[in-house]
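Below is upload_33.cif, holding mmCIF, C-alpha atoms.
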```
data_coords
#
loop_
_atom_site.label_atom_id
_atom_site.label_comp_id
_atom_site.auth_asym_id
_atom_site.auth_seq_id
_atom_site.Cartn_x
_atom_site.Cartn_y
_atom_site.Cartn_z
CA ASP A 1 -12.21 -4.43 -5.91
CA ALA A 2 -9.13 -6.61 -5.88
CA LYS A 3 -8.48 -8.73 -8.96
CA THR A 4 -6.60 -11.35 -6.98
CA THR A 5 -7.50 -14.18 -4.64
CA GLN A 6 -5.24 -15.25 -1.80
CA PRO A 7 -5.62 -17.57 1.18
CA THR A 8 -6.54 -15.71 4.33
CA SER A 9 -3.71 -17.12 6.41
CA MET A 10 -0.74 -19.48 6.32
CA ASP A 11 1.82 -20.81 8.75
CA CYS A 12 5.44 -21.59 8.00
CA ALA A 13 8.20 -23.05 10.18
CA GLU A 14 11.19 -20.82 10.73
CA GLY A 15 13.99 -21.62 8.30
CA ARG A 16 11.69 -23.33 5.82
CA ALA A 17 10.52 -21.91 2.50
CA ALA A 18 7.24 -20.02 2.57
CA ASN A 19 5.19 -20.40 -0.60
CA LEU A 20 2.36 -17.91 -0.90
CA PRO A 21 -0.10 -18.52 -3.75
CA CYS A 22 -2.17 -15.98 -5.63
CA ASN A 23 -4.84 -16.40 -8.27
CA HIS A 24 -5.33 -13.67 -10.87
CA SER A 25 -7.34 -15.45 -13.53
CA THR A 26 -8.59 -12.23 -15.19
CA ILE A 27 -5.17 -10.63 -15.56
CA SER A 28 -4.65 -8.71 -18.79
CA GLY A 29 -1.63 -8.86 -21.04
CA ASN A 30 -0.41 -5.45 -19.93
CA GLU A 31 -0.74 -6.07 -16.20
CA TYR A 32 2.10 -6.89 -13.87
CA VAL A 33 1.88 -8.99 -10.72
CA TYR A 34 3.17 -7.11 -7.68
CA TRP A 35 3.79 -8.30 -4.15
CA TYR A 36 3.89 -6.08 -1.10
CA ARG A 37 3.95 -6.99 2.55
CA GLN A 38 2.89 -5.17 5.69
CA ILE A 39 4.53 -5.93 8.97
CA HIS A 40 2.41 -5.04 11.98
CA SER A 41 2.17 -1.28 12.61
CA GLN A 42 4.27 -0.42 9.55
CA GLY A 43 3.51 0.80 6.07
CA PRO A 44 3.38 -1.68 3.18
CA GLN A 45 6.76 -2.62 1.71
CA TYR A 46 7.47 -3.53 -1.91
CA ILE A 47 8.84 -7.05 -2.39
CA ILE A 48 8.94 -7.98 -6.07
CA HIS A 49 7.03 -7.80 -9.34
CA GLY A 50 6.90 -9.60 -12.67
CA LEU A 51 5.12 -9.75 -16.00
CA LYS A 52 5.69 -13.17 -17.54
CA ASN A 53 9.05 -14.47 -16.47
CA ASN A 54 10.04 -15.70 -13.05
CA GLU A 55 11.85 -13.11 -11.00
CA THR A 56 14.24 -13.23 -8.07
CA ASN A 57 15.71 -10.57 -5.84
CA GLU A 58 17.34 -10.43 -2.44
CA MET A 59 14.00 -10.76 -0.68
CA ALA A 60 12.06 -13.36 -2.62
CA SER A 61 11.32 -15.25 -5.81
CA LEU A 62 8.20 -14.87 -7.92
CA ILE A 63 6.98 -17.78 -10.00
CA ILE A 64 4.29 -16.94 -12.59
CA THR A 65 2.48 -19.73 -14.42
CA GLU A 66 2.72 -19.87 -18.18
CA ASP A 67 -0.92 -18.80 -18.60
CA ARG A 68 -0.29 -16.00 -16.07
CA LYS A 69 -3.44 -16.87 -14.17
CA SER A 70 -1.63 -17.55 -10.94
CA SER A 71 1.65 -16.94 -9.21
CA THR A 72 3.59 -17.94 -6.11
CA LEU A 73 5.78 -15.79 -3.93
CA ILE A 74 8.59 -17.76 -2.35
CA LEU A 75 10.51 -16.68 0.72
CA PRO A 76 13.35 -19.21 0.61
CA HIS A 77 14.26 -19.26 4.31
CA ALA A 78 11.51 -17.67 6.38
CA THR A 79 12.46 -15.89 9.58
CA LEU A 80 10.31 -14.59 12.41
CA ARG A 81 10.68 -11.09 10.91
CA ASP A 82 8.84 -12.29 7.80
CA THR A 83 5.61 -12.57 9.79
CA ALA A 84 3.36 -10.11 7.99
CA VAL A 85 0.36 -9.70 5.70
CA TYR A 86 1.38 -10.34 2.09
CA TYR A 87 -0.55 -8.63 -0.70
CA CYS A 88 -0.66 -9.82 -4.29
CA ILE A 89 -1.72 -7.04 -6.66
CA VAL A 90 -2.12 -6.72 -10.41
CA ARG A 91 -1.24 -3.37 -11.88
CA VAL A 92 -1.29 -1.92 -15.36
CA ALA A 93 2.19 -1.48 -16.77
CA GLY A 94 3.73 1.86 -17.68
CA SER A 95 2.71 5.35 -16.66
CA GLY A 96 -0.55 5.71 -18.57
CA ALA A 97 -4.11 5.91 -17.35
CA GLY A 98 -4.85 3.56 -14.49
CA SER A 99 -1.23 2.56 -14.04
CA TYR A 100 -1.04 4.34 -10.70
CA GLN A 101 -3.75 2.16 -9.22
CA LEU A 102 -2.59 -0.32 -6.61
CA THR A 103 -5.70 -2.02 -5.26
CA PHE A 104 -4.94 -3.90 -2.06
CA GLY A 105 -7.12 -6.86 -1.17
CA LYS A 106 -7.18 -8.68 2.15
CA GLY A 107 -3.85 -10.39 1.59
CA THR A 108 -2.44 -13.49 3.28
CA LYS A 109 -1.43 -13.30 6.91
CA LEU A 110 1.79 -15.32 7.12
CA SER A 111 2.84 -16.48 10.56
CA VAL A 112 6.38 -17.82 10.85
CA ILE A 113 6.53 -20.27 13.72
CA PRO A 114 9.74 -20.79 15.75
CA ASP B 1 17.45 8.50 2.26
CA ALA B 2 15.00 9.04 5.12
CA GLY B 3 12.07 7.57 3.26
CA VAL B 4 8.54 8.96 3.30
CA ILE B 5 8.05 10.95 6.48
CA GLN B 6 4.63 11.36 8.06
CA SER B 7 3.50 13.35 11.04
CA PRO B 8 2.03 13.05 13.51
CA ARG B 9 2.46 9.32 14.11
CA HIS B 10 -0.47 9.31 16.50
CA GLU B 11 -3.31 11.78 16.89
CA VAL B 12 -6.21 11.63 19.31
CA THR B 13 -8.86 14.26 18.91
CA GLU B 14 -12.48 14.91 19.68
CA MET B 15 -15.31 14.83 17.22
CA GLY B 16 -15.71 18.10 15.40
CA GLN B 17 -12.07 19.12 15.60
CA GLU B 18 -9.90 19.78 12.58
CA VAL B 19 -7.16 17.25 11.85
CA THR B 20 -4.16 17.87 9.63
CA LEU B 21 -1.86 15.06 8.60
CA ARG B 22 1.45 15.84 6.94
CA CYS B 23 3.69 14.03 4.51
CA LYS B 24 7.14 14.59 3.10
CA PRO B 25 7.73 12.33 0.09
CA ILE B 26 11.09 10.92 -0.93
CA SER B 27 13.17 13.57 -2.66
CA GLY B 28 12.91 13.30 -6.42
CA HIS B 29 9.66 11.36 -6.43
CA ASN B 30 6.99 12.97 -8.60
CA SER B 31 3.90 11.05 -7.48
CA LEU B 32 2.27 11.09 -4.06
CA PHE B 33 -0.57 8.99 -2.71
CA TRP B 34 -2.73 9.12 0.41
CA TYR B 35 -4.22 5.82 1.61
CA ARG B 36 -6.48 5.01 4.54
CA GLN B 37 -6.48 1.66 6.32
CA THR B 38 -9.20 0.28 8.57
CA MET B 39 -9.97 -3.25 9.73
CA MET B 40 -13.26 -3.25 7.88
CA ARG B 41 -12.19 -1.80 4.53
CA GLY B 42 -8.47 -2.52 4.37
CA LEU B 43 -6.21 -0.16 2.41
CA GLU B 44 -8.08 2.37 0.29
CA LEU B 45 -6.62 4.96 -2.04
CA LEU B 46 -7.91 8.43 -1.15
CA ILE B 47 -6.07 10.69 -3.57
CA TYR B 48 -3.20 10.66 -6.04
CA PHE B 49 -0.99 13.60 -7.03
CA ASN B 50 1.36 13.72 -9.98
CA ASN B 51 3.83 16.62 -10.22
CA ASN B 52 1.92 18.30 -7.36
CA VAL B 53 -1.39 18.19 -9.26
CA PRO B 54 -4.32 16.11 -7.96
CA ILE B 55 -5.08 13.52 -10.63
CA ASP B 56 -7.60 11.27 -8.94
CA ASP B 57 -9.50 12.21 -5.78
CA SER B 58 -12.39 9.81 -6.31
CA GLY B 59 -11.46 7.96 -3.14
CA MET B 60 -11.88 10.98 -0.89
CA PRO B 61 -14.86 10.05 1.29
CA GLU B 62 -16.66 13.38 1.38
CA ASP B 63 -16.26 17.13 1.47
CA ARG B 64 -14.89 17.00 5.00
CA PHE B 65 -11.67 15.62 3.50
CA SER B 66 -9.26 17.76 1.54
CA ALA B 67 -5.67 17.29 0.39
CA LYS B 68 -3.08 19.70 -0.90
CA MET B 69 0.39 19.50 -2.32
CA PRO B 70 1.80 23.04 -2.44
CA ASN B 71 5.24 21.83 -3.55
CA ALA B 72 7.13 18.68 -4.44
CA SER B 73 8.28 18.06 -0.89
CA PHE B 74 5.13 18.47 1.15
CA SER B 75 1.52 17.37 1.25
CA THR B 76 -1.31 17.64 3.76
CA LEU B 77 -4.52 15.72 4.32
CA LYS B 78 -7.09 17.67 6.27
CA ILE B 79 -10.31 16.47 7.89
CA GLN B 80 -12.73 19.16 9.03
CA PRO B 81 -14.83 18.45 11.01
CA SER B 82 -13.57 15.06 12.13
CA GLU B 83 -15.93 12.23 13.06
CA PRO B 84 -15.38 8.96 14.97
CA ARG B 85 -15.74 6.96 11.73
CA ASP B 86 -12.63 8.73 10.41
CA SER B 87 -10.54 6.79 12.91
CA ALA B 88 -7.97 4.87 10.88
CA VAL B 89 -4.32 4.71 9.93
CA TYR B 90 -3.53 7.12 7.13
CA PHE B 91 -0.57 6.30 4.90
CA CYS B 92 1.30 8.52 2.54
CA ALA B 93 3.31 6.94 -0.27
CA SER B 94 5.49 8.27 -3.07
CA ARG B 95 7.19 7.01 -6.19
CA MET B 96 9.15 8.15 -9.21
CA ASP B 97 7.23 7.82 -12.50
CA SER B 98 5.96 4.23 -12.75
CA GLY B 99 8.36 2.86 -10.18
CA GLU B 100 7.63 1.17 -6.90
CA LEU B 101 5.57 2.74 -4.17
CA PHE B 102 7.33 3.63 -0.95
CA PHE B 103 5.07 4.03 2.07
CA GLY B 104 5.52 6.05 5.20
CA GLU B 105 4.99 4.63 8.67
CA GLY B 106 1.46 6.01 8.82
CA SER B 107 -0.50 8.37 11.05
CA ARG B 108 -2.88 6.64 13.44
CA LEU B 109 -5.93 8.84 13.98
CA THR B 110 -8.43 8.30 16.77
CA VAL B 111 -11.50 10.52 16.86
CA LEU B 112 -13.43 10.30 20.11
#
```
Please express the file's structure as structure tokens.
Amino acid sequence: DAKTTQPTSMDCAEGRAANLPCNHSTISGNEYVYWYRQIHSQGPQYIIHGLKNNETNEMASLIITEDRKSSTLILPHATLRDTAVYYCIVRVAGSGAGSYQLTFGKGTKLSVIP
Amino acid sequence: DAGVIQSPRHEVTEMGQEVTLRCKPISGHNSLFWYRQTMMRGLELLIYFNNNVPIDDSGMPEDRFSAKMPNASFSTLKIQPSEPRDSAVYFCASRMDSGELFFGEGSRLTVL
């Protein structure tokens, strides 16, 4: 069972920032927050991950609250191609037992509107 | 890099037939995963291989499902006999050590 809670769906105007929230109130100290997305008829695609600090890459930014109980994925300038289901996942760090587990919940269906 | 390659992309078969899905992971990756995705249950992990050895097959639904990884560049997921409830999209994914998972495009299976 997923350890995260996300809204079922969200809309965002093209060109605007898309802010996707995720609650992970039971996250442990050794668990990362991962974000993947799945565009229709494709396999899931890695976006970004973080432990405590905010992270940014060419695709998105990840803001993690100080208590680590929630996070927000930010797509700074959403395009129509960003329409997808976005999954927030917590995963044990490292390569030890359980670290391979990526449990996908229902995710958030983001629709970018022209 | 060609990414994770799965075949066939689409398979339609009749109940009772054997189905074999194939996966070529990204070269150099030492972990391979098979997932199944349905509308009702979402994405479920079926089996995980590390260095060609099955580590966790607790997600395999029943004895009709089997998976092999004879070498680092090839894996199969077999269903025998297939049933209509096996209809789903099956994804293969690979990664290096504890790195990010890279998914294939999936194999859409329809069992009539």
Run the PyMOL selection byres ((chain A) within 8 of (chain B)) against the file shown and list the residues it catches, as an MDAnalysis selection string.
-> chainID A and resid 41:46 93:95 99:100 103:106
Tell me which of B:Asn51, B:Ser94, B:Asn71, B:Gln80 sits closest to Thr20 (chain B), counting all atoms listed in the file.
->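 That would be B:Gln80, the residue with the smallest distance to Thr20 (chain B).
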Hey, what's within 7 Å of Thr4 (chain A) if we count all atoms listed in the file and toss same-chain stuff fewer than 5 positions away? As JSON, numbers by chain, please?
-> {"A": [22, 23, 24, 88, 89]}
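Checking B:His10, B:Leu21, B:Ser27, B:Met15 one by one against Arg85 (chain B), counting all atoms listed in the file, you find the shortest gap at B:Met15.
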Selection dump of the PyMOL selection byres ((chain A and resi 50-67) around 12), as a PyMOL selection string = chain A and resi 17-37+45-49+68-79+82+88-94
For the residues selected in the previous step, produce a file with C-alpha atoms as a compact mmCIF listing (two decimals), keeping the file's coordinate frame.
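Everything below was put into out-v1.txt:
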```txt
# COMPACT_ATOMS: atom_id res chain seq x y z
CA ALA A 17 10.52 -21.91 2.50
CA ALA A 18 7.24 -20.02 2.57
CA ASN A 19 5.19 -20.40 -0.60
CA LEU A 20 2.36 -17.91 -0.90
CA PRO A 21 -0.10 -18.52 -3.75
CA CYS A 22 -2.17 -15.98 -5.63
CA ASN A 23 -4.84 -16.40 -8.27
CA HIS A 24 -5.33 -13.67 -10.87
CA SER A 25 -7.34 -15.45 -13.53
CA THR A 26 -8.59 -12.23 -15.19
CA ILE A 27 -5.17 -10.63 -15.56
CA SER A 28 -4.65 -8.71 -18.79
CA GLY A 29 -1.63 -8.86 -21.04
CA ASN A 30 -0.41 -5.45 -19.93
CA GLU A 31 -0.74 -6.07 -16.20
CA TYR A 32 2.10 -6.89 -13.87
CA VAL A 33 1.88 -8.99 -10.72
CA TYR A 34 3.17 -7.11 -7.68
CA TRP A 35 3.79 -8.30 -4.15
CA TYR A 36 3.89 -6.08 -1.10
CA ARG A 37 3.95 -6.99 2.55
CA GLN A 45 6.76 -2.62 1.71
CA TYR A 46 7.47 -3.53 -1.91
CA ILE A 47 8.84 -7.05 -2.39
CA ILE A 48 8.94 -7.98 -6.07
CA HIS A 49 7.03 -7.80 -9.34
CA ARG A 68 -0.29 -16.00 -16.07
CA LYS A 69 -3.44 -16.87 -14.17
CA SER A 70 -1.63 -17.55 -10.94
CA SER A 71 1.65 -16.94 -9.21
CA THR A 72 3.59 -17.94 -6.11
CA LEU A 73 5.78 -15.79 -3.93
CA ILE A 74 8.59 -17.76 -2.35
CA LEU A 75 10.51 -16.68 0.72
CA PRO A 76 13.35 -19.21 0.61
CA HIS A 77 14.26 -19.26 4.31
CA ALA A 78 11.51 -17.67 6.38
CA THR A 79 12.46 -15.89 9.58
CA ASP A 82 8.84 -12.29 7.80
CA CYS A 88 -0.66 -9.82 -4.29
CA ILE A 89 -1.72 -7.04 -6.66
CA VAL A 90 -2.12 -6.72 -10.41
CA ARG A 91 -1.24 -3.37 -11.88
CA VAL A 92 -1.29 -1.92 -15.36
CA ALA A 93 2.19 -1.48 -16.77
CA GLY A 94 3.73 1.86 -17.68
```
What's the 7 Å shell around Ile5 (chain B), counting all atoms listed in the file, without same-chain residues fewer than 4 positions away, as a JSON list (two decimals) with C-alpha atoms, in the frame of the given file?
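This is the output file part.json:
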```json
[["chain", "number", "residue", "atom", "x", "y", "z"],
["B", 23, "CYS", "CA", 3.69, 14.03, 4.51],
["B", 24, "LYS", "CA", 7.14, 14.59, 3.10],
["B", 25, "PRO", "CA", 7.73, 12.33, 0.09],
["B", 104, "GLY", "CA", 5.52, 6.05, 5.20]]
```
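CA of Pro8 (chain B) is positioned 19.3 Å from CA of Arg64 (chain B).
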What does the distance from CA of Ile26 (chain B) to CA of Ile79 (chain B) come to in Å, to one decimal?
->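 Computing the Euclidean distance for CA of Ile26 (chain B) and CA of Ile79 (chain B) yields 23.8 Å.
Closest approach to Pro70 (chain B) from the set B:Ser82, B:Thr13, B:Asn52, B:Asn30 is made by B:Asn52, with distances taken over all atoms listed in the file.
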Point (-3.4, -15.1, 7.8), cut-off 6 Å, counting all atoms listed in the file, residues as a VMD selection string | chain A and resid 8 to 10 108 to 110
Point-to-point distance in Å for CA of Thr110 (chain B) and CA of Lys68 (chain B) | 21.7 Å
Determine the nearest neighbour of Arg22 (chain B) from the options B:Thr38, B:Thr76, B:Ser58, B:Ser66, counting only C-alpha atoms.
-> B:Thr76
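Summary of the local environment: counting only C-alpha atoms, residues at most 9 Å from His40 (chain A), other than itself and those fewer than 4 positions away along its chain, are Thr83, Ala84 and Val85 of chain A.
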Counting all atoms listed in the file, the residue of B:Val19, B:Met60, B:Leu109, B:Ala67 that sits nearest Ala88 (chain B) | B:Leu109
Rebuild region 83-104 of chain B to N, CA, C and O atoms - output it as a PDB file, in the coordinates of the input, please.
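Full text of out_18.pdb as output:
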```
ATOM      1  N   GLU B  83     -14.891  13.070  12.479  1.00  0.00           N
ATOM      2  CA  GLU B  83     -15.930  12.230  13.060  1.00  0.00           C
ATOM      3  C   GLU B  83     -15.307  10.909  13.522  1.00  0.00           C
ATOM      4  O   GLU B  83     -14.263  10.507  12.991  1.00  0.00           O
ATOM      5  N   PRO B  84     -15.951  10.232  14.480  1.00  0.00           N
ATOM      6  CA  PRO B  84     -15.380   8.960  14.970  1.00  0.00           C
ATOM      7  C   PRO B  84     -15.111   7.953  13.842  1.00  0.00           C
ATOM      8  O   PRO B  84     -14.136   7.197  13.918  1.00  0.00           O
ATOM      9  N   ARG B  85     -15.941   7.925  12.814  1.00  0.00           N
ATOM     10  CA  ARG B  85     -15.740   6.960  11.730  1.00  0.00           C
ATOM     11  C   ARG B  85     -14.506   7.269  10.879  1.00  0.00           C
ATOM     12  O   ARG B  85     -14.139   6.484  10.003  1.00  0.00           O
ATOM     13  N   ASP B  86     -13.875   8.412  11.119  1.00  0.00           N
ATOM     14  CA  ASP B  86     -12.630   8.730  10.410  1.00  0.00           C
ATOM     15  C   ASP B  86     -11.425   8.074  11.074  1.00  0.00           C
ATOM     16  O   ASP B  86     -10.301   8.156  10.549  1.00  0.00           O
ATOM     17  N   SER B  87     -11.631   7.464  12.213  1.00  0.00           N
ATOM     18  CA  SER B  87     -10.540   6.790  12.910  1.00  0.00           C
ATOM     19  C   SER B  87      -9.960   5.700  12.021  1.00  0.00           C
ATOM     20  O   SER B  87     -10.679   4.820  11.534  1.00  0.00           O
ATOM     21  N   ALA B  88      -8.647   5.777  11.809  1.00  0.00           N
ATOM     22  CA  ALA B  88      -7.970   4.870  10.880  1.00  0.00           C
ATOM     23  C   ALA B  88      -6.483   5.160  10.919  1.00  0.00           C
ATOM     24  O   ALA B  88      -6.033   6.098  11.590  1.00  0.00           O
ATOM     25  N   VAL B  89      -5.727   4.373  10.167  1.00  0.00           N
ATOM     26  CA  VAL B  89      -4.320   4.710   9.930  1.00  0.00           C
ATOM     27  C   VAL B  89      -4.236   5.276   8.519  1.00  0.00           C
ATOM     28  O   VAL B  89      -4.724   4.668   7.559  1.00  0.00           O
ATOM     29  N   TYR B  90      -3.660   6.445   8.415  1.00  0.00           N
ATOM     30  CA  TYR B  90      -3.530   7.120   7.130  1.00  0.00           C
ATOM     31  C   TYR B  90      -2.080   7.020   6.675  1.00  0.00           C
ATOM     32  O   TYR B  90      -1.160   7.397   7.385  1.00  0.00           O
ATOM     33  N   PHE B  91      -1.902   6.473   5.466  1.00  0.00           N
ATOM     34  CA  PHE B  91      -0.570   6.300   4.900  1.00  0.00           C
ATOM     35  C   PHE B  91      -0.351   7.250   3.737  1.00  0.00           C
ATOM     36  O   PHE B  91      -1.235   7.446   2.908  1.00  0.00           O
ATOM     37  N   CYS B  92       0.834   7.771   3.688  1.00  0.00           N
ATOM     38  CA  CYS B  92       1.300   8.520   2.540  1.00  0.00           C
ATOM     39  C   CYS B  92       2.338   7.669   1.824  1.00  0.00           C
ATOM     40  O   CYS B  92       3.117   6.940   2.475  1.00  0.00           O
ATOM     41  N   ALA B  93       2.351   7.715   0.504  1.00  0.00           N
ATOM     42  CA  ALA B  93       3.310   6.940  -0.270  1.00  0.00           C
ATOM     43  C   ALA B  93       3.785   7.797  -1.442  1.00  0.00           C
ATOM     44  O   ALA B  93       3.050   8.672  -1.922  1.00  0.00           O
ATOM     45  N   SER B  94       4.987   7.533  -1.908  1.00  0.00           N
ATOM     46  CA  SER B  94       5.490   8.270  -3.070  1.00  0.00           C
ATOM     47  C   SER B  94       6.254   7.336  -3.986  1.00  0.00           C
ATOM     48  O   SER B  94       6.671   6.246  -3.591  1.00  0.00           O
ATOM     49  N   ARG B  95       6.415   7.787  -5.229  1.00  0.00           N
ATOM     50  CA  ARG B  95       7.190   7.010  -6.190  1.00  0.00           C
ATOM     51  C   ARG B  95       7.679   7.938  -7.302  1.00  0.00           C
ATOM     52  O   ARG B  95       7.192   9.070  -7.464  1.00  0.00           O
ATOM     53  N   MET B  96       8.627   7.423  -8.059  1.00  0.00           N
ATOM     54  CA  MET B  96       9.150   8.150  -9.210  1.00  0.00           C
ATOM     55  C   MET B  96       8.558   7.522 -10.460  1.00  0.00           C
ATOM     56  O   MET B  96       8.724   6.306 -10.666  1.00  0.00           O
ATOM     57  N   ASP B  97       7.846   8.301 -11.254  1.00  0.00           N
ATOM     58  CA  ASP B  97       7.230   7.820 -12.500  1.00  0.00           C
ATOM     59  C   ASP B  97       6.417   6.555 -12.230  1.00  0.00           C
ATOM     60  O   ASP B  97       5.523   6.552 -11.411  1.00  0.00           O
ATOM     61  N   SER B  98       6.734   5.456 -12.927  1.00  0.00           N
ATOM     62  CA  SER B  98       5.960   4.230 -12.750  1.00  0.00           C
ATOM     63  C   SER B  98       6.688   3.230 -11.860  1.00  0.00           C
ATOM     64  O   SER B  98       6.415   2.038 -11.904  1.00  0.00           O
ATOM     65  N   GLY B  99       7.598   3.729 -11.061  1.00  0.00           N
ATOM     66  CA  GLY B  99       8.360   2.860 -10.180  1.00  0.00           C
ATOM     67  C   GLY B  99       7.568   2.363  -8.989  1.00  0.00           C
ATOM     68  O   GLY B  99       6.345   2.500  -8.919  1.00  0.00           O
ATOM     69  N   GLU B 100       8.282   1.790  -8.055  1.00  0.00           N
ATOM     70  CA  GLU B 100       7.630   1.170  -6.900  1.00  0.00           C
ATOM     71  C   GLU B 100       7.170   2.221  -5.903  1.00  0.00           C
ATOM     72  O   GLU B 100       7.762   3.283  -5.751  1.00  0.00           O
ATOM     73  N   LEU B 101       6.096   1.869  -5.200  1.00  0.00           N
ATOM     74  CA  LEU B 101       5.570   2.740  -4.170  1.00  0.00           C
ATOM     75  C   LEU B 101       6.320   2.549  -2.869  1.00  0.00           C
ATOM     76  O   LEU B 101       6.539   1.409  -2.438  1.00  0.00           O
ATOM     77  N   PHE B 102       6.703   3.660  -2.268  1.00  0.00           N
ATOM     78  CA  PHE B 102       7.330   3.630  -0.950  1.00  0.00           C
ATOM     79  C   PHE B 102       6.368   4.280   0.035  1.00  0.00           C
ATOM     80  O   PHE B 102       5.946   5.422  -0.166  1.00  0.00           O
ATOM     81  N   PHE B 103       6.036   3.547   1.086  1.00  0.00           N
ATOM     82  CA  PHE B 103       5.070   4.030   2.070  1.00  0.00           C
ATOM     83  C   PHE B 103       5.766   4.606   3.299  1.00  0.00           C
ATOM     84  O   PHE B 103       6.847   4.139   3.690  1.00  0.00           O
ATOM     85  N   GLY B 104       5.096   5.575   3.901  1.00  0.00           N
ATOM     86  CA  GLY B 104       5.520   6.050   5.200  1.00  0.00           C
ATOM     87  C   GLY B 104       5.047   5.106   6.297  1.00  0.00           C
ATOM     88  O   GLY B 104       4.414   4.085   6.026  1.00  0.00           O
TER      89      GLY B 104
END
```
